[in-house]
file upload-v3.cif (mmCIF, C-alpha atoms)
data_input
#
loop_
_atom_site.label_atom_id
_atom_site.label_comp_id
_atom_site.auth_asym_id
_atom_site.auth_seq_id
_atom_site.Cartn_x
_atom_site.Cartn_y
_atom_site.Cartn_z
CA MET A 3 -39.31 -27.82 -48.48
CA PRO A 4 -42.33 -29.74 -47.18
CA ALA A 5 -43.80 -28.51 -43.92
CA PRO A 6 -43.06 -30.61 -40.82
CA PRO A 7 -45.82 -32.93 -39.67
CA ALA A 8 -48.21 -31.68 -37.00
CA TYR A 9 -47.01 -34.16 -34.41
CA ALA A 10 -43.35 -32.89 -34.63
CA PRO A 11 -42.21 -31.10 -31.40
CA ALA A 12 -41.83 -27.34 -31.59
CA ILE A 13 -38.24 -26.04 -31.47
CA ALA A 14 -37.80 -23.01 -29.26
CA ALA A 15 -35.97 -20.07 -30.73
CA ARG A 16 -32.44 -19.55 -29.42
CA PRO A 17 -32.12 -16.48 -27.17
CA ASP A 18 -29.88 -13.58 -27.99
CA PRO A 19 -26.31 -14.35 -26.76
CA VAL A 20 -26.21 -11.02 -24.93
CA ALA A 21 -29.43 -11.85 -23.09
CA ALA A 22 -28.15 -15.35 -22.29
CA VAL A 23 -25.18 -13.98 -20.31
CA PRO A 24 -26.17 -13.06 -16.74
CA TRP A 25 -26.22 -9.37 -15.94
CA GLY A 26 -23.58 -9.67 -13.19
CA MET A 27 -21.17 -11.46 -15.53
CA ARG A 28 -21.65 -8.76 -18.18
CA VAL A 29 -20.86 -6.06 -15.63
CA ALA A 30 -17.79 -7.99 -14.46
CA ALA A 31 -16.58 -8.39 -18.05
CA GLU A 32 -17.07 -4.68 -18.79
CA ALA A 33 -15.18 -3.72 -15.65
CA GLY A 34 -12.54 -6.41 -16.24
CA TRP A 35 -11.30 -5.23 -19.62
CA ARG A 36 -11.21 -1.64 -18.39
CA LEU A 37 -9.14 -2.74 -15.39
CA LEU A 38 -6.80 -4.62 -17.72
CA VAL A 39 -6.31 -1.48 -19.82
CA LEU A 40 -5.67 0.55 -16.66
CA ALA A 41 -3.21 -2.04 -15.34
CA GLY A 42 -1.37 -2.06 -18.66
CA THR A 43 -1.17 1.72 -18.62
CA LEU A 44 0.21 1.70 -15.07
CA TRP A 45 2.72 -0.99 -16.01
CA VAL A 46 4.00 1.05 -18.97
CA LEU A 47 4.13 4.15 -16.75
CA MET A 48 6.16 2.31 -14.10
CA LYS A 49 8.58 1.07 -16.79
CA VAL A 50 9.07 4.63 -18.04
CA ILE A 51 9.59 5.92 -14.49
CA SER A 52 12.11 3.16 -13.72
CA ALA A 53 14.03 4.05 -16.88
CA VAL A 54 14.38 7.68 -15.74
CA GLN A 55 14.33 6.95 -12.02
CA LEU A 56 17.16 9.34 -11.24
CA VAL A 57 15.38 12.27 -12.88
CA VAL A 58 12.08 11.44 -11.18
CA PHE A 59 13.64 11.19 -7.71
CA ALA A 60 15.59 14.42 -8.26
CA PHE A 61 12.42 16.28 -9.23
CA VAL A 62 10.46 14.83 -6.31
CA ALA A 63 13.26 15.81 -3.93
CA ALA A 64 13.15 19.30 -5.44
CA LEU A 65 9.40 19.45 -4.80
CA LEU A 66 9.91 18.49 -1.14
CA VAL A 67 12.71 21.03 -0.66
CA THR A 68 10.65 23.70 -2.44
CA ALA A 69 7.69 23.01 -0.17
CA MET A 70 9.98 23.57 2.81
CA LEU A 71 11.67 26.74 1.47
CA GLN A 72 8.80 28.50 -0.30
CA PRO A 73 7.36 30.14 2.88
CA THR A 74 10.74 31.85 3.35
CA VAL A 75 10.60 33.22 -0.19
CA VAL A 76 7.10 34.57 0.46
CA ARG A 77 8.23 36.30 3.66
CA LEU A 78 11.24 37.89 1.94
CA LYS A 79 9.01 39.16 -0.88
CA ARG A 80 6.69 40.72 1.69
CA LEU A 81 9.70 42.51 3.18
CA GLY A 82 10.31 44.15 -0.20
CA LEU A 83 12.91 41.93 -1.86
CA PRO A 84 12.46 41.16 -5.57
CA ARG A 85 11.38 37.66 -6.45
CA GLY A 86 14.74 36.71 -7.98
CA LEU A 87 16.77 38.01 -5.03
CA ALA A 88 14.42 36.36 -2.50
CA THR A 89 14.77 33.06 -4.38
CA VAL A 90 18.57 33.25 -4.49
CA VAL A 91 18.88 34.18 -0.80
CA THR A 92 16.55 31.39 0.30
CA ALA A 93 18.18 28.75 -1.93
CA VAL A 94 21.72 29.72 -0.94
CA LEU A 95 20.88 29.69 2.77
CA GLY A 96 19.09 26.34 2.49
CA PHE A 97 21.88 24.66 0.52
CA VAL A 98 24.56 26.13 2.79
CA VAL A 99 22.81 24.78 5.88
CA ILE A 100 22.45 21.34 4.30
CA GLY A 101 26.10 21.38 3.20
CA LEU A 102 27.32 22.42 6.64
CA VAL A 103 25.34 19.65 8.28
CA GLY A 104 26.81 17.08 5.89
CA TRP A 105 30.33 18.42 6.41
CA PHE A 106 29.90 18.36 10.18
CA VAL A 107 28.75 14.74 10.15
CA VAL A 108 31.68 13.65 7.96
CA TRP A 109 34.13 15.63 10.10
CA GLN A 110 32.82 14.08 13.31
CA VAL A 111 33.00 10.57 11.89
CA MET A 112 36.52 11.00 10.53
CA ASP A 113 37.72 12.70 13.72
CA ASN A 114 36.40 9.93 15.98
CA VAL A 115 36.95 6.88 13.78
CA ASP A 116 40.17 5.80 15.59
CA THR A 117 38.66 6.23 19.02
CA LEU A 118 35.50 4.50 17.87
CA SER A 119 37.40 1.49 16.52
CA SER A 120 39.20 0.98 19.84
CA GLN A 121 35.94 1.43 21.75
CA VAL A 122 34.22 -1.06 19.45
CA GLN A 123 37.00 -3.60 20.10
CA ASP A 124 36.75 -3.06 23.85
CA GLY A 125 32.97 -3.28 23.63
CA ILE A 126 33.16 -6.55 21.72
CA ASP A 127 35.47 -7.97 24.39
CA ASP A 128 33.09 -6.80 27.12
CA LEU A 129 30.13 -8.29 25.27
CA ARG A 130 32.02 -11.56 24.87
CA ASN A 131 32.81 -11.68 28.59
CA TRP A 132 29.22 -10.83 29.44
CA LEU A 133 27.92 -13.63 27.23
CA LEU A 134 30.28 -16.09 28.90
CA THR A 135 28.98 -15.16 32.37
CA SER A 136 25.35 -14.61 31.36
CA PRO A 137 22.50 -17.03 32.14
CA PHE A 138 22.23 -17.89 28.43
CA HIS A 139 24.88 -20.63 28.84
CA VAL A 140 26.97 -19.45 25.89
CA THR A 141 30.34 -21.21 25.72
CA GLU A 142 33.64 -19.89 24.41
CA ASP A 143 33.65 -22.50 21.65
CA GLN A 144 30.31 -21.25 20.35
CA ILE A 145 31.59 -17.65 20.29
CA ASN A 146 34.76 -18.76 18.47
CA ASP A 147 32.65 -20.70 15.95
CA ILE A 148 30.55 -17.60 15.26
CA ALA A 149 33.66 -15.45 14.76
CA LYS A 150 35.20 -18.12 12.48
CA SER A 151 32.02 -18.28 10.41
CA LEU A 152 32.04 -14.49 10.00
CA ARG A 153 35.68 -14.49 8.88
CA GLU A 154 35.02 -17.31 6.39
CA ALA A 155 31.98 -15.49 5.03
CA VAL A 156 34.02 -12.33 4.49
CA GLY A 157 36.84 -14.27 2.85
CA ALA A 158 34.50 -16.23 0.59
CA ASN A 159 32.67 -13.09 -0.54
CA THR A 160 35.73 -10.94 -1.20
CA GLU A 161 34.91 -10.72 -4.90
CA GLU A 162 31.33 -9.72 -4.19
CA LEU A 163 32.52 -7.08 -1.70
CA THR A 164 34.92 -5.66 -4.31
CA SER A 165 32.18 -5.48 -6.93
CA ALA A 166 29.90 -3.88 -4.35
CA GLY A 167 32.59 -1.27 -3.74
CA LEU A 168 32.81 -0.53 -7.47
CA GLU A 169 29.04 -0.27 -7.61
CA GLY A 170 29.24 2.11 -4.66
CA VAL A 171 31.38 4.46 -6.78
CA THR A 172 28.69 4.40 -9.47
CA VAL A 173 26.04 5.10 -6.86
CA ILE A 174 28.02 8.08 -5.59
CA VAL A 175 28.29 9.51 -9.11
CA GLU A 176 24.55 9.04 -9.66
CA ALA A 177 23.83 10.61 -6.27
CA MET A 178 25.90 13.69 -7.15
CA THR A 179 24.09 13.97 -10.47
CA GLY A 180 20.74 13.70 -8.72
CA ILE A 181 21.76 16.35 -6.17
CA LEU A 182 22.71 18.78 -8.94
CA LEU A 183 19.42 18.13 -10.76
CA ALA A 184 17.48 18.63 -7.53
CA MET A 185 19.30 21.93 -6.85
CA PHE A 186 18.56 23.35 -10.30
CA SER A 187 14.96 22.14 -10.16
CA THR A 188 14.52 23.74 -6.73
CA LEU A 189 15.79 27.09 -8.02
CA PHE A 190 13.37 27.10 -10.94
CA LEU A 191 10.44 25.92 -8.81
CA LEU A 192 11.08 28.63 -6.22
CA TYR A 193 11.45 31.35 -8.84
CA ASP A 194 8.91 30.35 -11.49
CA GLY A 195 6.63 27.82 -9.81
CA LYS A 196 3.43 29.69 -10.66
CA ARG A 197 4.20 29.85 -14.39
CA ILE A 198 5.19 26.17 -14.40
CA TRP A 199 1.84 25.30 -12.82
CA GLU A 200 -0.04 27.43 -15.39
CA TRP A 201 1.81 25.64 -18.19
CA VAL A 202 0.90 22.25 -16.70
CA LEU A 203 -2.76 23.31 -16.59
CA LYS A 204 -2.67 23.97 -20.34
CA LEU A 205 -1.92 20.26 -20.88
CA VAL A 206 -5.13 19.28 -19.06
CA PRO A 207 -8.31 18.92 -21.18
CA ALA A 208 -10.50 22.03 -20.98
CA PRO A 209 -13.52 20.35 -19.27
CA ALA A 210 -11.32 19.05 -16.42
CA ARG A 211 -9.20 22.20 -16.11
CA PRO A 212 -11.31 24.05 -13.47
CA GLY A 213 -11.29 21.07 -11.11
CA ILE A 214 -7.55 20.47 -11.50
CA ALA A 215 -6.88 24.19 -11.05
CA GLY A 216 -8.68 24.08 -7.71
CA ALA A 217 -7.12 20.80 -6.57
CA GLY A 218 -3.54 21.91 -7.29
CA PRO A 219 -3.20 24.62 -4.60
CA ARG A 220 -4.85 22.37 -2.03
CA ALA A 221 -2.45 19.53 -2.87
CA TRP A 222 0.47 21.94 -2.53
CA ARG A 223 -0.75 23.10 0.88
CA THR A 224 -0.99 19.47 2.00
CA LEU A 225 2.55 18.76 0.77
CA THR A 226 3.90 21.90 2.46
CA ALA A 227 2.21 21.03 5.74
CA TYR A 228 3.54 17.46 5.56
CA VAL A 229 7.13 18.54 4.89
CA ARG A 230 7.14 21.21 7.59
CA GLY A 231 5.50 18.89 10.12
CA THR A 232 7.91 16.07 9.33
CA VAL A 233 10.89 18.41 9.72
CA ILE A 234 9.62 19.58 13.12
CA VAL A 235 9.00 16.01 14.34
CA ALA A 236 12.37 14.80 13.03
CA LEU A 237 14.15 17.74 14.66
CA ILE A 238 12.52 17.02 18.04
CA ASP A 239 13.44 13.33 17.75
CA ALA A 240 17.05 14.14 16.87
CA ILE A 241 17.45 16.68 19.69
CA PHE A 242 16.04 14.58 22.50
CA ILE A 243 17.57 11.25 21.43
CA GLY A 244 20.87 13.02 20.76
CA LEU A 245 20.85 14.59 24.22
CA GLY A 246 19.98 11.25 25.80
CA ILE A 247 22.79 9.31 24.14
CA TYR A 248 25.20 12.21 24.76
CA PHE A 249 24.61 12.10 28.51
CA LEU A 250 24.91 8.31 28.39
CA GLY A 251 28.42 8.70 26.97
CA VAL A 252 27.70 7.12 23.57
CA PRO A 253 30.40 8.24 21.10
CA MET A 254 29.49 10.32 18.02
CA ALA A 255 26.21 11.43 19.55
CA VAL A 256 25.90 14.38 17.15
CA PRO A 257 26.34 12.35 13.93
CA LEU A 258 23.90 9.79 15.28
CA ALA A 259 21.40 12.59 15.98
CA VAL A 260 21.80 13.77 12.37
CA PHE A 261 21.18 10.23 11.11
CA ILE A 262 18.06 10.05 13.30
CA PHE A 263 16.86 13.33 11.77
CA LEU A 264 17.40 12.10 8.20
CA PHE A 265 15.87 8.65 8.75
CA ALA A 266 12.78 10.24 10.33
CA PHE A 267 11.66 11.16 6.79
CA ILE A 268 11.02 7.43 6.21
CA PRO A 269 7.79 6.78 8.16
CA LEU A 270 7.81 3.85 10.60
CA VAL A 271 10.87 2.12 9.14
CA GLY A 272 13.28 5.05 9.51
CA ALA A 273 12.71 5.41 13.25
CA VAL A 274 13.40 1.69 13.78
CA ILE A 275 16.62 1.74 11.73
CA SER A 276 18.06 4.91 13.27
CA GLY A 277 17.10 3.81 16.80
CA ALA A 278 18.66 0.39 16.27
CA LEU A 279 21.85 2.04 15.01
CA ALA A 280 22.11 4.17 18.16
CA VAL A 281 21.46 1.12 20.37
CA VAL A 282 24.12 -0.96 18.58
CA VAL A 283 26.72 1.82 18.89
CA GLY A 284 25.95 2.20 22.59
CA LEU A 285 26.07 -1.56 23.11
CA VAL A 286 29.37 -2.27 21.40
CA THR A 287 31.18 0.80 22.76
CA GLN A 288 29.90 1.28 26.30
CA GLY A 289 28.53 -2.10 27.29
CA VAL A 290 25.19 -3.76 27.91
CA PHE A 291 23.89 -1.25 30.47
CA THR A 292 24.45 1.72 28.14
CA GLY A 293 22.88 -0.19 25.26
CA VAL A 294 19.78 -0.95 27.33
CA MET A 295 19.50 2.66 28.50
CA THR A 296 19.89 3.88 24.92
CA LEU A 297 17.05 1.57 23.93
CA VAL A 298 14.90 3.04 26.72
CA VAL A 299 15.63 6.60 25.54
CA VAL A 300 14.85 5.76 21.90
CA LEU A 301 11.60 3.97 22.77
CA ALA A 302 10.45 6.77 25.10
CA VAL A 303 11.05 9.50 22.49
CA GLN A 304 9.43 7.46 19.72
CA GLN A 305 6.36 6.78 21.86
CA ILE A 306 5.99 10.51 22.54
CA GLU A 307 6.41 11.16 18.83
CA GLY A 308 3.85 8.57 17.75
CA HIS A 309 1.13 9.43 20.29
CA ILE A 310 1.56 13.19 20.79
CA LEU A 311 3.75 14.91 18.19
CA GLN A 312 2.54 13.34 14.96
CA PRO A 313 -1.22 13.54 15.75
CA PHE A 314 -0.84 17.14 16.92
CA ILE A 315 1.48 18.41 14.16
CA LEU A 316 0.55 16.23 11.19
CA GLY A 317 -2.97 15.14 12.13
CA ARG A 318 -4.79 18.06 10.53
CA ALA A 319 -2.63 18.31 7.43
CA VAL A 320 -2.26 14.62 6.53
CA ARG A 321 -5.46 12.69 7.12
CA VAL A 322 -4.20 9.23 6.19
CA HIS A 323 -5.09 6.06 8.07
CA PRO A 324 -2.13 4.26 9.72
CA LEU A 325 -2.86 1.15 7.67
CA ALA A 326 -2.56 3.21 4.48
CA VAL A 327 0.76 4.57 5.76
CA VAL A 328 2.12 1.06 6.42
CA LEU A 329 0.97 -0.31 3.06
CA SER A 330 2.21 2.72 1.11
CA VAL A 331 5.65 2.62 2.76
CA ALA A 332 5.93 -1.12 2.08
CA ALA A 333 4.83 -0.72 -1.55
CA GLY A 334 7.13 2.25 -2.12
CA GLY A 335 10.07 0.38 -0.62
CA LEU A 336 9.43 -2.69 -2.79
CA VAL A 337 9.04 -0.64 -5.97
CA ALA A 338 11.78 1.97 -5.57
CA GLY A 339 13.78 1.24 -2.41
CA ILE A 340 14.47 3.96 0.15
CA GLY A 341 13.41 6.74 -2.21
CA GLY A 342 10.06 5.09 -2.78
CA ALA A 343 9.51 4.70 0.96
CA VAL A 344 10.25 8.40 1.49
CA VAL A 345 7.92 9.54 -1.29
CA ALA A 346 5.08 7.08 -0.57
CA VAL A 347 3.35 8.84 2.34
CA PRO A 348 3.34 12.40 0.89
CA LEU A 349 2.12 10.94 -2.40
CA VAL A 350 -0.76 9.18 -0.64
CA ALA A 351 -1.58 12.34 1.37
CA VAL A 352 -1.62 14.53 -1.74
CA THR A 353 -3.70 11.96 -3.64
CA ASN A 354 -6.20 11.83 -0.77
CA THR A 355 -6.55 15.62 -0.82
CA VAL A 356 -6.94 15.78 -4.61
CA VAL A 357 -9.52 12.97 -4.76
CA GLY A 358 -11.55 14.48 -1.92
CA TYR A 359 -11.60 17.91 -3.57
CA LEU A 360 -12.49 16.55 -7.03
CA ARG A 361 -15.33 14.51 -5.52
CA ALA A 362 -16.75 17.58 -3.79
CA TYR A 363 -16.20 19.70 -6.91
CA SER A 364 -18.03 17.24 -9.17
CA ARG A 365 -20.92 17.02 -6.72
CA GLU A 366 -21.20 20.81 -6.59
CA ALA A 367 -20.99 21.07 -10.39
CA ALA A 368 -23.75 18.46 -10.77
CA LEU A 369 -25.98 20.46 -8.41
CA LYS A 370 -25.37 23.66 -10.38
CA GLN A 371 -26.19 21.97 -13.70
CA SER A 372 -29.36 20.28 -12.44
CA PRO A 373 -32.63 22.08 -13.46
CA GLN A 374 -34.12 24.37 -10.88
CA PRO A 375 -37.42 23.13 -9.36
CA ARG A 376 -40.59 24.93 -10.39
CA GLY A 377 -44.22 25.07 -9.35
CA ALA A 378 -45.29 22.69 -6.61
CA THR A 379 -41.85 21.07 -6.52
CA ALA A 380 -40.27 24.43 -5.79
CA LEU A 381 -42.74 24.98 -2.95
CA GLU A 382 -41.85 21.60 -1.48
CA VAL A 383 -38.08 22.27 -1.43
CA ALA A 384 -38.32 25.95 -0.51
CA PRO A 385 -37.13 26.82 3.01
CA VAL A 386 -39.94 27.38 5.50
CA ASP A 387 -39.52 30.09 8.09
CA SER A 388 -40.26 29.03 11.64
CA PRO A 389 -43.37 30.68 13.08
CA ALA A 390 -42.68 33.78 15.06
CA ALA A 391 -42.85 33.39 18.80
CA PRO A 392 -45.75 35.20 20.46
CA PRO A 393 -44.91 38.39 22.26
CA SER A 394 -44.12 38.15 25.91
CA GLY A 395 -47.36 39.92 26.86
CA ALA A 396 -49.65 37.73 24.78
CA GLY A 397 -52.12 35.62 26.63
CA SER A 398 -51.58 37.40 29.93
#
call {"tool": "encode", "arguments": {"input": "upload-v3.cif", "output": "C-alpha cells"}}
result
Amino acid sequence: MPAPPAYAPAIAARPDPVAAVPWGMRVAAEAGWRLLVLAGTLWVLMKVISAVQLVVFAFVAALLVTAMLQPTVVRLKRLGLPRGLATVVTAVLGFVVIGLVGWFVVWQVMDNVDTLSSQVQDGIDDLRNWLLTSPFHVTEDQINDIAKSLREAVGANTEELTSAGLEGVTVIVEAMTGILLAMFSTLFLLYDGKRIWEWVLKLVPAPARPGIAGAGPRAWRTLTAYVRGTVIVALIDAIFIGLGIYFLGVPMAVPLAVFIFLFAFIPLVGAVISGALAVVVGLVTQGVFTGVMTLVVVLAVQQIEGHILQPFILGRAVRVHPLAVVLSVAAGGLVAGIGGAVVAVPLVAVTNTVVGYLRAYSREAALKQSPQPRGATALEVAPVDSPAAPPSGAGS
C-alpha cells in the first residue's frame, strides 16, 4: 500500500482497554463479582437451611441447652463420677426440671381457666363501663359497633380459623419431633462434645486449622456465658414481676411469670410481649387500676434489667453494640421467625468473638513469619535500658 502523504494527520494509537478503565472502577468491578459470588453462596446456604429448618433449630437448641448444662457435668466429673454417668444425671435432671415447669404451667392454666373466663367477662364489663364514663367520650353505640365488627370478623374467617387449627396440629407434631432431636443431640454433645469438635476440625483446611482450633473454645465460652447470663436475668425478671402481679391480685401469676422467663430469651421483643400479656390480663380481670399498676411493675423491673442487670451480667461476656442487637433480632425474626430472633444475638456474639480472635491470631502469625531485623535495623528496634539513677550520695 502506498504511504500516506506527509500532510495527513497522525492517528494516535488506541490505549489498552485495561488502562482505559479508571483504577477505582476496576477495583469496584473486582470486588463486585466477588460479592456476587458470596451473595449467591449465602442464598444457596439459606435455601438449604430453610429446607432442613427443623433439624437446624433442634441442633441450635441443643447447643444452647448444652452450654447451660455442661458446667454441671464438669463438676460431677470432678467429684469422681464417670463421664457417662455424669452426663446421664445432668441430662435427666435438666429435662425433668423443664418437664415439671411445663406441666405446672399447663396445670395452672387448666385449673384456673373457668375462673379466668368469668373474671375476663367481668373485666370486660368493667372496662366497658369505664369507657362510657371516661373523658374519651366513647358512646355505647361505638362499643356495640366494635363488638359487632369483631363477631363478624370471626364469623367471616371461620374457615381460616379451622385451617389454622389444623396447621396448629402439624406445628405440634413438628415441635415434638424437634424436642426429641434436641434431647438426643444434647446427650451426645454433653457426652462426646470434645470428639465431635475434633472431628469438625478435620474438615477444616490444614493452614486454617490452628486458628479455628483456638477460636472454637473462645466461642464456646462466649456462648456459655451468654446462656448462663440470660438465664439469670430471665429468672430475676420472672421472680420480681411474678411477685408484683401476685400481690396485685392478677390471676395465674405463676404461669405468667413462666411466660416472662421464656420470652426473656428473645432480646428486646420478648420483654415487650410478655409484659404486655401481663398488663392485658391484669386489665381485663382486675380493672384499669390493676392494669396500670401491672404496667408500672413491668416497666420498673425492665428498666432495672436493661440498665443494671444486663450490663453487669452480660456486659463482659457479650460485647455487642445495642444497634447490632436490634438489627440482628429484626433480621433473625424476618428470616426464621421466633427461632431466628432467639438465635440471632448469641450468633452475633459468637461471630464477634471468633472474628476478633482470628484477626489477632493472623496479626501475631504475620509478626512471627516476618524476617528478624539485623545490623543497624536491629539496633534501632532493640529496647534501650533507661539510664541508672545516680546513687543517693552522689553530688553531695
call {"tool": "atom_distance", "arguments": {"input": "upload-v3.cif", "atom1": "atom CA of A:Ala280", "atom2": "atom CA of A:Val344"}}
result
20.9 Å
call {"tool": "closest_residue", "arguments": {"input": "upload-v3.cif", "among": "A:Gly246, A:Gly284, A:Pro257, A:Gly251", "to": "A:Val300", "atoms": "only C-alpha atoms"}}
result
A:Gly246
call {"tool": "residues_around", "arguments": {"input": "upload-v3.cif", "residues": "stretch 98-100 of chain A", "least_positions_apart": "4", "cutoff": "12 Å", "atoms": "all atoms listed in the file", "output": "JSON, numbers by chain"}}
result
{"A": [67, 90, 91, 92, 93, 94, 104, 105, 106, 107, 181, 185, 260, 264]}
call {"tool": "write_last_selection", "arguments": {"input": "upload-v3.cif", "atoms": "C-alpha atoms", "output": "mmCIF file, keeping the file's coordinate frame"}}
result
data_model
loop_
_atom_site.group_PDB
_atom_site.id
_atom_site.type_symbol
_atom_site.label_atom_id
_atom_site.label_comp_id
_atom_site.auth_asym_id
_atom_site.auth_seq_id
_atom_site.Cartn_x
_atom_site.Cartn_y
_atom_site.Cartn_z
ATOM 1 C CA VAL A 67 12.710 21.030 -0.660
ATOM 2 C CA VAL A 90 18.570 33.250 -4.490
ATOM 3 C CA VAL A 91 18.880 34.180 -0.800
ATOM 4 C CA THR A 92 16.550 31.390 0.300
ATOM 5 C CA ALA A 93 18.180 28.750 -1.930
ATOM 6 C CA VAL A 94 21.720 29.720 -0.940
ATOM 7 C CA GLY A 104 26.810 17.080 5.890
ATOM 8 C CA TRP A 105 30.330 18.420 6.410
ATOM 9 C CA PHE A 106 29.900 18.360 10.180
ATOM 10 C CA VAL A 107 28.750 14.740 10.150
ATOM 11 C CA ILE A 181 21.760 16.350 -6.170
ATOM 12 C CA MET A 185 19.300 21.930 -6.850
ATOM 13 C CA VAL A 260 21.800 13.770 12.370
ATOM 14 C CA LEU A 264 17.400 12.100 8.200
#
call {"tool": "axis_aligned_box", "arguments": {"input": "upload-v3.cif", "around": "stretch 82-86 of chain A", "padding_each_side": "4 Å", "output": "lines of an AutoDock Vina configuration file"}}
result
center_x = 12.5
center_y = 40.4
center_z = -4.1
size_x = 12.4
size_y = 15.4
size_z = 15.8
call {"tool": "atom_distance", "arguments": {"input": "upload-v3.cif", "atom1": "atom CA of A:Thr224", "atom2": "atom CA of A:Val327"}}
result
15.5 Å
call {"tool": "closest_residue", "arguments": {"input": "upload-v3.cif", "among": "A:Val357, A:Leu250, A:Ala60, A:Ala30", "to": "A:Ala177", "atoms": "only C-alpha atoms"}}
result
A:Ala60
call {"tool": "residues_near_point", "arguments": {"input": "upload-v3.cif", "point": "(-0.9, 23.7, -15.2)", "cutoff": "12 Å", "atoms": "only C-alpha atoms", "output": "MDAnalysis selection string"}}
result
chainID A and resid 195:208 210:219
call {"tool": "atom_distance", "arguments": {"input": "upload-v3.cif", "atom1": "atom CA of A:Met70", "atom2": "atom CA of A:Phe190"}}
result
14.6 Å
call {"tool": "closest_residue", "arguments": {"input": "upload-v3.cif", "among": "A:Ser364, A:Gln55, A:Thr89, A:Thr226", "to": "A:Thr74", "atoms": "only C-alpha atoms"}}
result
A:Thr89
call {"tool": "resolve_selection", "arguments": {"input": "upload-v3.cif", "expression": "the PyMOL selection byres ((chain A and resi 335) around 12)", "output": "ChimeraX atom specification"}}
result
/A:268-272,328-334,336-347
call {"tool": "closest_residue", "arguments": {"input": "upload-v3.cif", "among": "A:Ala64, A:Val29, A:Leu38, A:Leu44", "to": "A:Gly180", "atoms": "all atoms listed in the file"}}
result
A:Ala64
call {"tool": "closest_residue", "arguments": {"input": "upload-v3.cif", "among": "A:Thr179, A:Thr188, A:Gln304, A:Thr232", "to": "A:Val62", "atoms": "only C-alpha atoms"}}
result
A:Thr188
call {"tool": "closest_residue", "arguments": {"input": "upload-v3.cif", "among": "A:Asn131, A:Val108, A:Leu182, A:Val352", "to": "A:Val256", "atoms": "only C-alpha atoms"}}
result
A:Val108
call {"tool": "residues_around", "arguments": {"input": "upload-v3.cif", "residues": "A:Tyr248", "least_positions_apart": "5", "cutoff": "10 Å", "atoms": "only C-alpha atoms", "output": "PDB file with C-alpha atoms, keeping the file's coordinate frame"}}
result
ATOM      1  CA  PHE A 242      16.040  14.580  22.500  1.00  0.00           C
ATOM      2  CA  ILE A 243      17.570  11.250  21.430  1.00  0.00           C
ATOM      3  CA  PRO A 253      30.400   8.240  21.100  1.00  0.00           C
ATOM      4  CA  MET A 254      29.490  10.320  18.020  1.00  0.00           C
ATOM      5  CA  ALA A 255      26.210  11.430  19.550  1.00  0.00           C
ATOM      6  CA  VAL A 256      25.900  14.380  17.150  1.00  0.00           C
ATOM      7  CA  LEU A 258      23.900   9.790  15.280  1.00  0.00           C
ATOM      8  CA  ALA A 259      21.400  12.590  15.980  1.00  0.00           C
ATOM      9  CA  THR A 296      19.890   3.880  24.920  1.00  0.00           C
TER      10      THR A 296
END
